[in-house]
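Q: The following file, data-v1.txt, comprises compact mmCIF, C-alpha atoms and all ligand atoms:
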```txt
# COMPACT_ATOMS: atom_id res chain seq x y z
CA MET A 262 -17.62 -129.75 91.67
CA ARG A 263 -16.95 -131.75 94.82
CA GLU A 264 -15.99 -130.33 98.16
CA TYR A 265 -12.98 -131.70 100.03
CA THR A 266 -11.78 -131.07 103.57
CA ALA A 267 -8.25 -131.45 104.91
CA ARG A 268 -6.73 -131.35 108.38
CA ALA A 269 -3.05 -130.44 108.65
CA HIS A 270 -1.06 -130.05 111.84
CA THR A 271 1.44 -127.33 112.55
CA ASN A 272 5.15 -128.05 112.92
CA ILE A 273 8.12 -126.55 114.71
CA ALA A 274 11.55 -126.59 113.08
CA LEU A 275 14.51 -128.08 114.94
CA LEU A 276 16.82 -127.01 112.12
CA LYS A 277 15.31 -123.87 110.66
CA TYR A 278 14.34 -122.54 107.27
CA TRP A 279 15.34 -118.87 107.27
CA GLY A 280 15.85 -117.51 103.77
CA LYS A 281 15.11 -118.30 100.14
CA ALA A 282 17.28 -119.19 97.17
CA ASP A 283 14.22 -118.45 94.99
CA THR A 284 11.45 -116.18 96.28
CA ASP A 285 8.89 -116.98 93.55
CA PHE A 286 9.01 -120.74 93.99
CA ILE A 287 10.00 -120.63 97.68
CA ILE A 288 13.16 -122.71 97.34
CA PRO A 289 15.02 -122.43 100.69
CA THR A 290 18.71 -121.87 101.32
CA THR A 291 18.78 -124.61 103.97
CA THR A 292 17.39 -128.09 104.41
CA SER A 293 15.19 -127.95 107.52
CA ILE A 294 13.99 -130.59 109.98
CA SER A 295 10.82 -130.30 112.06
CA LEU A 296 8.45 -132.05 114.42
CA THR A 297 4.74 -132.05 113.52
CA LEU A 298 2.53 -131.36 116.56
CA ASP A 299 -0.61 -133.21 117.55
CA GLU A 300 -2.50 -130.50 119.44
CA PHE A 301 -2.46 -127.69 116.86
CA TYR A 302 -4.02 -127.95 113.43
CA THR A 303 -6.09 -126.27 110.72
CA ASP A 304 -9.21 -127.71 109.06
CA THR A 305 -9.94 -126.35 105.58
CA SER A 306 -12.77 -127.12 103.14
CA VAL A 307 -12.61 -126.09 99.48
CA LYS A 308 -15.25 -126.20 96.78
CA PHE A 309 -14.83 -124.81 93.27
CA ASP A 310 -18.17 -123.31 92.20
CA ASP A 311 -19.12 -121.97 88.75
CA ASP A 312 -21.60 -119.54 90.33
CA LEU A 313 -18.92 -117.62 92.21
CA VAL A 314 -17.62 -114.37 90.67
CA GLN A 315 -14.57 -114.30 92.95
CA ASP A 316 -12.88 -116.52 95.54
CA GLN A 317 -14.55 -116.43 98.95
CA VAL A 318 -12.46 -117.19 102.00
CA PHE A 319 -13.69 -117.59 105.57
CA LEU A 320 -11.33 -117.99 108.51
CA ASN A 321 -12.97 -119.07 111.77
CA ASP A 322 -16.36 -118.08 110.20
CA ALA A 323 -15.29 -114.50 109.39
CA PRO A 324 -14.69 -113.36 105.78
CA LEU A 325 -11.00 -112.82 105.07
CA ALA A 326 -9.85 -109.67 103.24
CA GLY A 327 -6.67 -107.72 102.52
CA LYS A 328 -3.21 -109.22 102.22
CA SER A 329 -4.12 -112.59 103.77
CA TYR A 330 -6.97 -112.98 101.27
CA ASP A 331 -4.69 -112.01 98.35
CA LYS A 332 -2.13 -114.63 99.43
CA ILE A 333 -4.81 -117.33 99.33
CA VAL A 334 -6.09 -116.22 95.92
CA ARG A 335 -2.51 -116.36 94.57
CA PHE A 336 -2.23 -119.88 95.92
CA LEU A 337 -5.59 -120.92 94.42
CA ASP A 338 -4.34 -119.53 91.08
CA ILE A 339 -1.45 -122.02 91.22
CA VAL A 340 -3.92 -124.86 91.85
CA ARG A 341 -6.20 -123.61 89.04
CA GLN A 342 -3.26 -123.43 86.66
CA GLU A 343 -2.17 -126.99 87.46
CA ALA A 344 -5.74 -128.29 87.13
CA GLN A 345 -6.54 -126.10 84.11
CA LEU A 346 -9.55 -124.62 85.87
CA SER A 347 -10.92 -121.09 85.79
CA THR A 348 -13.63 -121.52 88.44
CA HIS A 349 -13.55 -119.57 91.71
CA ALA A 350 -13.51 -121.32 95.06
CA LEU A 351 -15.26 -121.19 98.40
CA VAL A 352 -12.70 -121.76 101.17
CA LYS A 353 -13.69 -122.31 104.80
CA SER A 354 -10.92 -122.66 107.31
CA THR A 355 -10.83 -123.18 111.06
CA ASN A 356 -7.64 -122.76 113.00
CA HIS A 357 -7.18 -124.93 116.07
CA VAL A 358 -4.04 -123.13 117.12
CA PRO A 359 -4.38 -120.95 120.22
CA THR A 360 -3.66 -117.47 118.85
CA ALA A 361 -1.85 -116.42 122.01
CA ALA A 362 0.53 -119.36 121.70
CA GLY A 363 2.09 -117.71 118.65
CA LEU A 364 2.67 -121.12 117.09
CA ALA A 365 3.16 -120.84 113.34
CA SER A 366 -0.25 -121.22 111.73
CA SER A 367 0.81 -120.55 108.12
CA ALA A 368 2.37 -124.04 108.05
CA SER A 369 -0.86 -125.86 108.95
CA ALA A 370 -2.97 -123.33 106.99
CA PHE A 371 -1.23 -123.75 103.63
CA ALA A 372 -0.80 -127.50 104.06
CA ALA A 373 -4.55 -127.90 104.71
CA LEU A 374 -5.38 -125.57 101.80
CA ALA A 375 -3.05 -127.46 99.44
CA GLY A 376 -4.65 -130.77 100.42
CA SER A 377 -8.29 -129.69 100.10
CA ALA A 378 -7.89 -127.38 97.08
CA SER A 379 -5.88 -129.86 95.02
CA LYS A 380 -8.42 -132.66 95.60
CA ALA A 381 -11.38 -130.33 94.99
CA ALA A 382 -9.75 -129.26 91.70
CA GLY A 383 -9.52 -132.90 90.64
CA LEU A 384 -5.74 -133.23 91.10
CA ASN A 385 -4.52 -136.49 92.59
CA LEU A 386 -1.11 -135.54 93.92
CA THR A 387 1.42 -137.85 95.52
CA PRO A 388 2.57 -136.81 99.02
CA SER A 389 5.78 -135.32 97.54
CA GLU A 390 3.79 -133.38 94.94
CA LEU A 391 1.46 -132.15 97.68
CA SER A 392 4.44 -131.04 99.73
CA ARG A 393 5.78 -129.12 96.71
CA LEU A 394 2.42 -127.44 96.24
CA ALA A 395 2.08 -126.51 99.95
CA ARG A 396 5.62 -125.08 99.81
CA ARG A 397 4.45 -122.49 97.28
CA GLY A 398 1.97 -121.09 99.84
CA SER A 399 4.42 -120.96 102.73
CA GLY A 400 7.75 -122.76 102.95
CA SER A 401 7.16 -124.36 106.35
CA ALA A 402 3.81 -125.77 105.05
CA SER A 403 5.77 -128.26 102.91
CA ARG A 404 6.68 -130.07 106.16
CA SER A 405 3.12 -130.14 107.57
CA ILE A 406 2.04 -132.70 104.93
CA PHE A 407 3.81 -135.35 107.02
CA GLY A 408 3.65 -136.46 110.64
CA GLY A 409 6.40 -136.97 113.20
CA PHE A 410 9.93 -135.89 112.33
CA VAL A 411 10.08 -134.41 108.84
CA GLU A 412 12.87 -133.15 106.61
CA TRP A 413 12.35 -130.53 103.89
CA GLN A 414 15.16 -131.12 101.43
CA ARG A 415 16.04 -127.76 100.03
CA GLY A 416 16.65 -129.02 96.47
CA ASP A 417 17.43 -126.52 93.75
CA SER A 418 14.21 -126.40 91.73
CA ASP A 419 10.43 -126.65 92.07
CA GLU A 420 10.69 -130.38 91.31
CA SER A 421 13.42 -131.18 93.83
CA SER A 422 12.37 -129.07 96.85
CA TYR A 423 9.93 -131.00 99.05
CA ALA A 424 9.59 -132.66 102.42
CA LYS A 425 9.78 -136.33 103.40
CA VAL A 426 9.22 -138.30 106.59
CA LEU A 427 12.20 -139.10 108.79
CA GLN A 428 10.23 -140.84 111.55
CA ALA A 429 6.43 -140.99 111.36
CA ASP A 430 5.73 -142.83 114.61
CA VAL A 431 7.54 -141.10 117.40
CA ASP A 432 7.40 -143.70 120.15
CA TRP A 433 9.81 -142.01 122.55
CA ASP A 434 9.29 -139.24 125.07
CA ILE A 435 9.66 -135.87 123.37
CA GLN A 436 7.38 -132.84 123.59
CA LEU A 437 7.45 -129.13 122.91
CA LEU A 438 6.43 -127.00 125.85
CA THR A 439 5.63 -123.52 124.54
CA VAL A 440 6.25 -120.75 127.01
CA ILE A 441 3.85 -117.94 126.13
CA ILE A 442 5.49 -114.59 126.56
CA ASN A 443 2.92 -111.84 126.30
CA ASP A 444 5.33 -108.99 126.01
CA GLN A 445 5.01 -108.97 122.19
CA PRO A 446 7.51 -106.73 120.44
CA LYS A 447 6.72 -104.98 117.13
CA LYS A 448 5.84 -107.74 114.73
CA ILE A 449 8.02 -108.51 111.72
CA ASP A 450 6.63 -111.51 109.87
CA SER A 451 8.85 -114.45 108.93
CA ARG A 452 8.77 -113.64 105.24
CA GLY A 453 9.95 -110.05 105.71
CA GLY A 454 12.35 -110.91 108.52
CA MET A 455 14.21 -113.67 106.65
CA GLN A 456 14.45 -111.56 103.51
CA HIS A 457 15.97 -108.59 105.35
CA THR A 458 18.43 -110.80 107.23
CA GLN A 459 19.51 -112.64 104.10
CA ALA A 460 20.11 -109.34 102.31
CA THR A 461 22.03 -107.59 105.09
CA SER A 462 23.51 -109.84 107.81
CA PRO A 463 27.25 -110.50 107.41
CA PHE A 464 26.66 -113.78 109.28
CA TYR A 465 24.02 -115.05 106.87
CA ALA A 466 26.30 -117.20 104.68
CA GLN A 467 27.73 -118.85 107.80
CA TRP A 468 24.22 -119.59 109.05
CA VAL A 469 23.39 -121.38 105.79
CA GLU A 470 26.61 -123.38 105.88
CA ASN A 471 26.20 -124.39 109.53
CA THR A 472 22.55 -125.39 109.14
CA ASN A 473 23.16 -127.57 106.10
CA ALA A 474 26.19 -129.11 107.80
CA ALA A 475 24.05 -130.02 110.85
CA VAL A 476 21.46 -132.01 108.82
CA SER A 477 23.18 -135.40 108.94
CA ASP A 478 23.87 -135.03 112.69
CA MET A 479 20.21 -134.16 113.33
CA GLU A 480 19.07 -137.13 111.21
CA ALA A 481 21.32 -139.41 113.28
CA ALA A 482 20.06 -137.93 116.58
CA ILE A 483 16.45 -138.62 115.53
CA ALA A 484 17.22 -142.14 114.30
CA GLN A 485 19.08 -142.95 117.54
CA HIS A 486 16.49 -141.23 119.80
CA ASP A 487 19.43 -139.23 121.11
CA PHE A 488 17.61 -136.51 123.03
CA GLU A 489 20.71 -134.62 124.15
CA LYS A 490 22.16 -134.45 120.65
CA LEU A 491 18.81 -133.45 119.10
CA GLY A 492 18.19 -130.77 121.73
CA SER A 493 21.64 -129.22 121.67
CA LEU A 494 21.71 -129.11 117.84
CA ALA A 495 18.24 -127.52 117.78
CA GLU A 496 19.04 -124.93 120.44
CA SER A 497 22.29 -123.95 118.78
CA ASN A 498 20.57 -123.68 115.39
CA ALA A 499 17.81 -121.43 116.79
CA LEU A 500 20.34 -119.17 118.52
CA GLN A 501 22.34 -118.90 115.29
CA MET A 502 19.20 -117.99 113.36
CA HIS A 503 18.38 -115.23 115.85
CA ALA A 504 21.99 -114.04 115.71
CA THR A 505 21.54 -113.35 111.98
CA ASN A 506 18.62 -111.07 112.87
CA THR A 507 20.49 -109.08 115.49
CA THR A 508 23.35 -108.63 113.00
CA ALA A 509 21.10 -107.52 110.10
CA ASN A 510 21.23 -103.88 108.99
CA PRO A 511 19.22 -102.36 110.57
CA PRO A 512 19.13 -105.07 113.24
CA PHE A 513 15.94 -106.55 114.62
CA ASN A 514 15.14 -109.00 117.34
CA TYR A 515 12.20 -111.29 118.08
CA LEU A 516 13.41 -112.20 121.57
CA THR A 517 12.58 -110.24 124.71
CA ASP A 518 14.17 -110.23 128.17
CA GLN A 519 11.64 -112.86 129.18
CA SER A 520 12.62 -115.06 126.23
CA TRP A 521 16.23 -114.91 127.43
CA THR A 522 15.17 -115.72 130.98
CA VAL A 523 13.56 -118.93 129.66
CA ILE A 524 16.60 -119.81 127.50
CA GLN A 525 18.82 -119.34 130.57
CA LEU A 526 16.45 -121.39 132.69
CA ALA A 527 16.78 -124.30 130.24
CA ALA A 528 20.57 -124.18 130.75
CA THR A 529 20.15 -124.08 134.54
CA LEU A 530 17.75 -127.04 134.47
CA ARG A 531 20.22 -129.02 132.36
CA GLN A 532 22.86 -128.48 135.03
CA LYS A 533 20.40 -130.06 137.47
CA GLY A 534 20.03 -133.10 135.22
CA ILE A 535 16.72 -132.18 133.53
CA GLU A 536 17.04 -132.48 129.77
CA VAL A 537 15.49 -129.37 128.27
CA TYR A 538 16.51 -127.26 125.28
CA ALA A 539 15.08 -124.07 123.78
CA THR A 540 14.01 -123.20 120.24
CA MET A 541 12.50 -119.91 119.05
CA ASP A 542 10.88 -118.79 115.79
CA ALA A 543 9.66 -115.43 114.49
CA GLY A 544 8.31 -114.27 117.85
CA PRO A 545 9.23 -114.01 121.55
CA ASN A 546 7.76 -117.36 122.67
CA VAL A 547 10.22 -120.08 123.59
CA LYS A 548 9.46 -123.71 122.84
CA LEU A 549 11.13 -126.05 125.28
CA ILE A 550 12.14 -129.37 123.73
CA SER A 551 11.58 -131.59 126.73
CA LYS A 552 10.26 -134.88 128.07
CA GLN A 553 6.70 -135.31 129.32
CA GLN A 554 8.09 -136.88 132.48
CA ASP A 555 9.78 -133.54 133.32
CA THR A 556 6.79 -131.22 132.66
CA GLN A 557 6.09 -130.60 136.33
CA ALA A 558 9.69 -129.84 137.25
CA ILE A 559 9.98 -127.44 134.30
CA THR A 560 6.71 -125.60 134.94
CA GLU A 561 7.58 -125.22 138.64
CA ALA A 562 10.96 -123.75 137.77
CA LEU A 563 9.29 -121.40 135.27
CA ALA A 564 6.68 -120.29 137.79
CA ALA A 565 9.43 -119.45 140.27
CA SER A 566 11.23 -117.05 137.91
CA LEU A 567 8.37 -115.88 135.64
CA PRO A 568 5.13 -116.18 137.66
CA ASN A 569 2.91 -114.71 134.93
CA VAL A 570 3.79 -116.91 131.98
CA GLN A 571 1.67 -119.79 130.76
CA THR A 572 2.78 -122.98 129.05
CA VAL A 573 1.13 -125.15 126.38
CA ALA A 574 2.37 -128.70 125.83
CA ALA A 575 2.36 -130.37 122.41
CA THR A 576 3.33 -133.92 121.46
CA PRO A 577 4.26 -135.42 118.07
CA GLY A 578 1.38 -135.40 115.60
CA PRO A 579 0.21 -137.01 112.35
CA GLY A 580 0.37 -136.07 108.70
CA ILE A 581 -2.39 -134.55 106.58
CA GLN A 582 -5.82 -136.14 106.38
CA ILE A 583 -8.09 -135.40 103.40
CA VAL A 584 -11.75 -136.43 103.09
CA LYS A 585 -14.56 -135.88 100.62
CA GLY A 586 -17.26 -133.53 101.93
CA ALA A 587 -17.41 -130.61 104.35
CA LYS A 588 -16.43 -132.42 107.55
CA LEU A 589 -13.72 -134.71 108.82
C1 LIG B 601 11.15 -119.19 111.74
O1 LIG B 601 7.24 -120.71 106.27
O2 LIG B 601 6.32 -118.72 107.54
O3 LIG B 601 9.26 -120.59 111.49
O4 LIG B 601 7.83 -119.32 103.27
O5 LIG B 601 7.89 -116.86 103.63
O6 LIG B 601 5.82 -118.16 104.18
P1 LIG B 601 7.33 -118.16 104.10
O7 LIG B 601 7.88 -118.35 105.59
P2 LIG B 601 7.44 -119.33 106.77
O8 LIG B 601 8.78 -119.27 107.66
C2 LIG B 601 8.98 -120.06 108.80
C3 LIG B 601 10.22 -119.61 109.49
C4 LIG B 601 10.46 -120.23 110.86
C5 LIG B 601 11.41 -121.42 110.76
C6 LIG B 601 10.84 -122.69 110.17
O9 LIG B 601 9.64 -122.98 110.36
O10 LIG B 601 11.65 -123.46 109.59
```
For this file, write the structure as structure tokens.

A:
Amino acid sequence: MREYTARAHTNIALLKYWGKADTDFIIPTTTSISLTLDEFYTDTSVKFDDDLVQDQVFLNDAPLAGKSYDKIVRFLDIVRQEAQLSTHALVKSTNHVPTAAGLASSASAFAALAGSASKAAGLNLTPSELSRLARRGSGSASRSIFGGFVEWQRGDSDESSYAKVLQADVDWDIQLLTVIINDQPKKIDSRGGMQHTQATSPFYAQWVENTNAAVSDMEAAIAQHDFEKLGSLAESNALQMHATNTTANPPFNYLTDQSWTVIQLAATLRQKGIEVYATMDAGPNVKLISKQQDTQAITEALAASLPNVQTVAATPGPGIQIVKGAKL
């Protein structure tokens, strides 16, 4: 059978997905809105081969084993079922996401796998169908099918839960400046973290209500290029998400003292007239929603209070690209 290769870019949520209404099908409790990033992506090639006795998966040229391998086999099983195939696959994936940056790679990874595996299996999915398929690997991957600003409508079933483009060509100045905080705390992955929070935080229901209520405001902010509105909604949403973690039982926390220093610095910079807002995911790094024109002022302010931290800038990026063959 033919080999196909896909490139999918990672995305960062401005309104977050943090909990599931259905864990098997990965139907979220909230509609989420994200920005796809240009600089960070995953390239994945898939070939179904009758000679293989099991799936073979290589990540950055090294064979994958254990839980990560099992997750990919489970995903390939979904593709095989849809395509009515029983053949095993050879999967080769390269991550162009700096590991230290702690930027979500499961989003780009499962989007690229969904794109290449579905085509290699002979499925010709529409973008919405591809988003639904990617969702079943990792929820945030549903959004990485599309470029620019993207909304994953939570829906209430496999058929109705998928992402769509809000604004593909982002022709205004917005970037995410990731502040890399090395002081990594004990790692709790997103899947485990959101499940524990949903099950135990007394604030969880409020988080769901507030996030869904913020969707139309965030859509308007994006449509109107209203940076202040977009940034303040995103920062508030991230802080509320992290508040559900610190109020879980037992509580947990992704943010370190250094994360809080950066969040505070964003507030101080805003008082000085520099528009910068913070968002944080399942780790200590802080992504500063900012304008390229302010990069220097922000990095200088960071260097003054946290001399050892590094920053990585990322601008809006495109949707998935799928080609026949082993290379893009
Ligand atoms: C904090 O998509 O990694 O980045 O669906 O269980 O694989 P699973 O979770 P995942 O969760 C991402 C959580 C987040 C917020 C977001 O991207 O919306």

Q: Using all atoms listed in the file, can you tell me which of A:Thr560, A:Gln456, A:Thr507, A:Thr472 comes closest to A:Ala282?

A: A:Gln456

Q: Identify which of the residues A:Gln342, A:Lys353, A:Ile288, A:Glu561 lies closest to A:Glu420, counting all atoms listed in the file when measuring atom-to-atom distances.

A: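 Comparing A:Gln342, A:Lys353, A:Ile288, A:Glu561 against A:Glu420, the winner is A:Ile288.
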
Q: At a cut-off of 6 Å and counting all atoms listed in the file, what residues surround ligand LIG 601 (chain B)? Please answer as a list in words.

A: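 Using all atoms listed in the file, I find these residues within 6 Å of ligand LIG 601 (chain B): Ile273, Ala274, Lys277, Tyr278, Trp279, Ser367, Ser399, Gly400, Ser401, Ser451, Arg452, Asp542 and Ala543 of chain A.
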
Q: Could you dump the residues just selected with C-alpha atoms as an mmCIF file, in the frame of the given file?

A:
```
data_model
loop_
_atom_site.group_PDB
_atom_site.id
_atom_site.type_symbol
_atom_site.label_atom_id
_atom_site.label_comp_id
_atom_site.auth_asym_id
_atom_site.auth_seq_id
_atom_site.Cartn_x
_atom_site.Cartn_y
_atom_site.Cartn_z
ATOM 1 C CA ILE A 273 8.120 -126.550 114.710
ATOM 2 C CA ALA A 274 11.550 -126.590 113.080
ATOM 3 C CA LYS A 277 15.310 -123.870 110.660
ATOM 4 C CA TYR A 278 14.340 -122.540 107.270
ATOM 5 C CA TRP A 279 15.340 -118.870 107.270
ATOM 6 C CA SER A 367 0.810 -120.550 108.120
ATOM 7 C CA SER A 399 4.420 -120.960 102.730
ATOM 8 C CA GLY A 400 7.750 -122.760 102.950
ATOM 9 C CA SER A 401 7.160 -124.360 106.350
ATOM 10 C CA SER A 451 8.850 -114.450 108.930
ATOM 11 C CA ARG A 452 8.770 -113.640 105.240
ATOM 12 C CA ASP A 542 10.880 -118.790 115.790
ATOM 13 C CA ALA A 543 9.660 -115.430 114.490
#
```

Q: Would you compute the distance between atom CA of A:Thr297 and atom CA of A:Ala344? Give it in Å to one decimal.

A: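 Distance between the two atoms: 28.6 Å.
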
Q: Excluding A:Gly409 and residues on its chain fewer than 5 positions from it, collect all residues at most 8 Å away from it, counting all atoms listed in the file, and give them as number ranges by chain.

A: A: 296-298, 426-431, 577-580

Q: So, with all atoms listed in the file as the atoms that count, which of A:Ala381, A:Pro359, A:Ala323, A:Gly280 lies closest to A:Asn506?

A: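 Among the listed residues, A:Gly280 lies closest to A:Asn506.
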
Q: What is the distance between atom CA of A:Ser497 and atom CA of A:Met479, in Å to one decimal?

A: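 Here the two named atoms are 11.8 Å from each other.
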
Q: To one decimal place in Å, what is the distance between atom CA of A:Leu494 and atom CA of A:Asn546?

A: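 Straight-line distance from atom CA of A:Leu494 to atom CA of A:Asn546 works out to 18.9 Å.
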
Q: At a cut-off of 10 Å, using only C-alpha atoms, what residues contact A:Gly398? Leave out same-chain residues fewer than 3 positions from it and give the result as a PyMOL selection string.

A: chain A and resi 286-287+332-333+335-337+339+367-368+370-372+374-375+393-395+401-403

Q: Show which residues sit within 8 Å of stretch 310-314 of chain A, as a ChimeraX atom specification. Count all atoms listed in the file, and ignore same-chain residues fewer than 5 positions away.

A: /A:262,348-351

Q: Pick from A:Gly408, A:Arg397, A:Thr387, A:Arg268: nearest to A:Asp283, with only C-alpha atoms counted?

A: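 For A:Asp283, the nearest of the given residues is A:Arg397.
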
Q: Which residues are close to A:Pro511, i.e. within 12 Å by only C-alpha atoms, leaving aside same-chain residues fewer than 2 positions away? Reply as a list of chain:residue names.

A: A:Gly454, A:His457, A:Thr458, A:Ala460, A:Thr461, A:Ser462, A:Pro463, A:Thr505, A:Asn506, A:Thr507, A:Thr508, A:Ala509, A:Phe513, A:Asn514

Q: May I have the residues within 6 Å of A:Arg415 as a list in words, using all atoms listed in the file and disregarding those fewer than 5 positions away in the same chain?

A: Pro289, Thr291, Thr292 and Ser422 of chain A

Q: Using only C-alpha atoms, can you tell me which of A:Leu516, A:Asp555, A:Val537, A:Val570 comes closest to A:Leu500?

A: A:Leu516
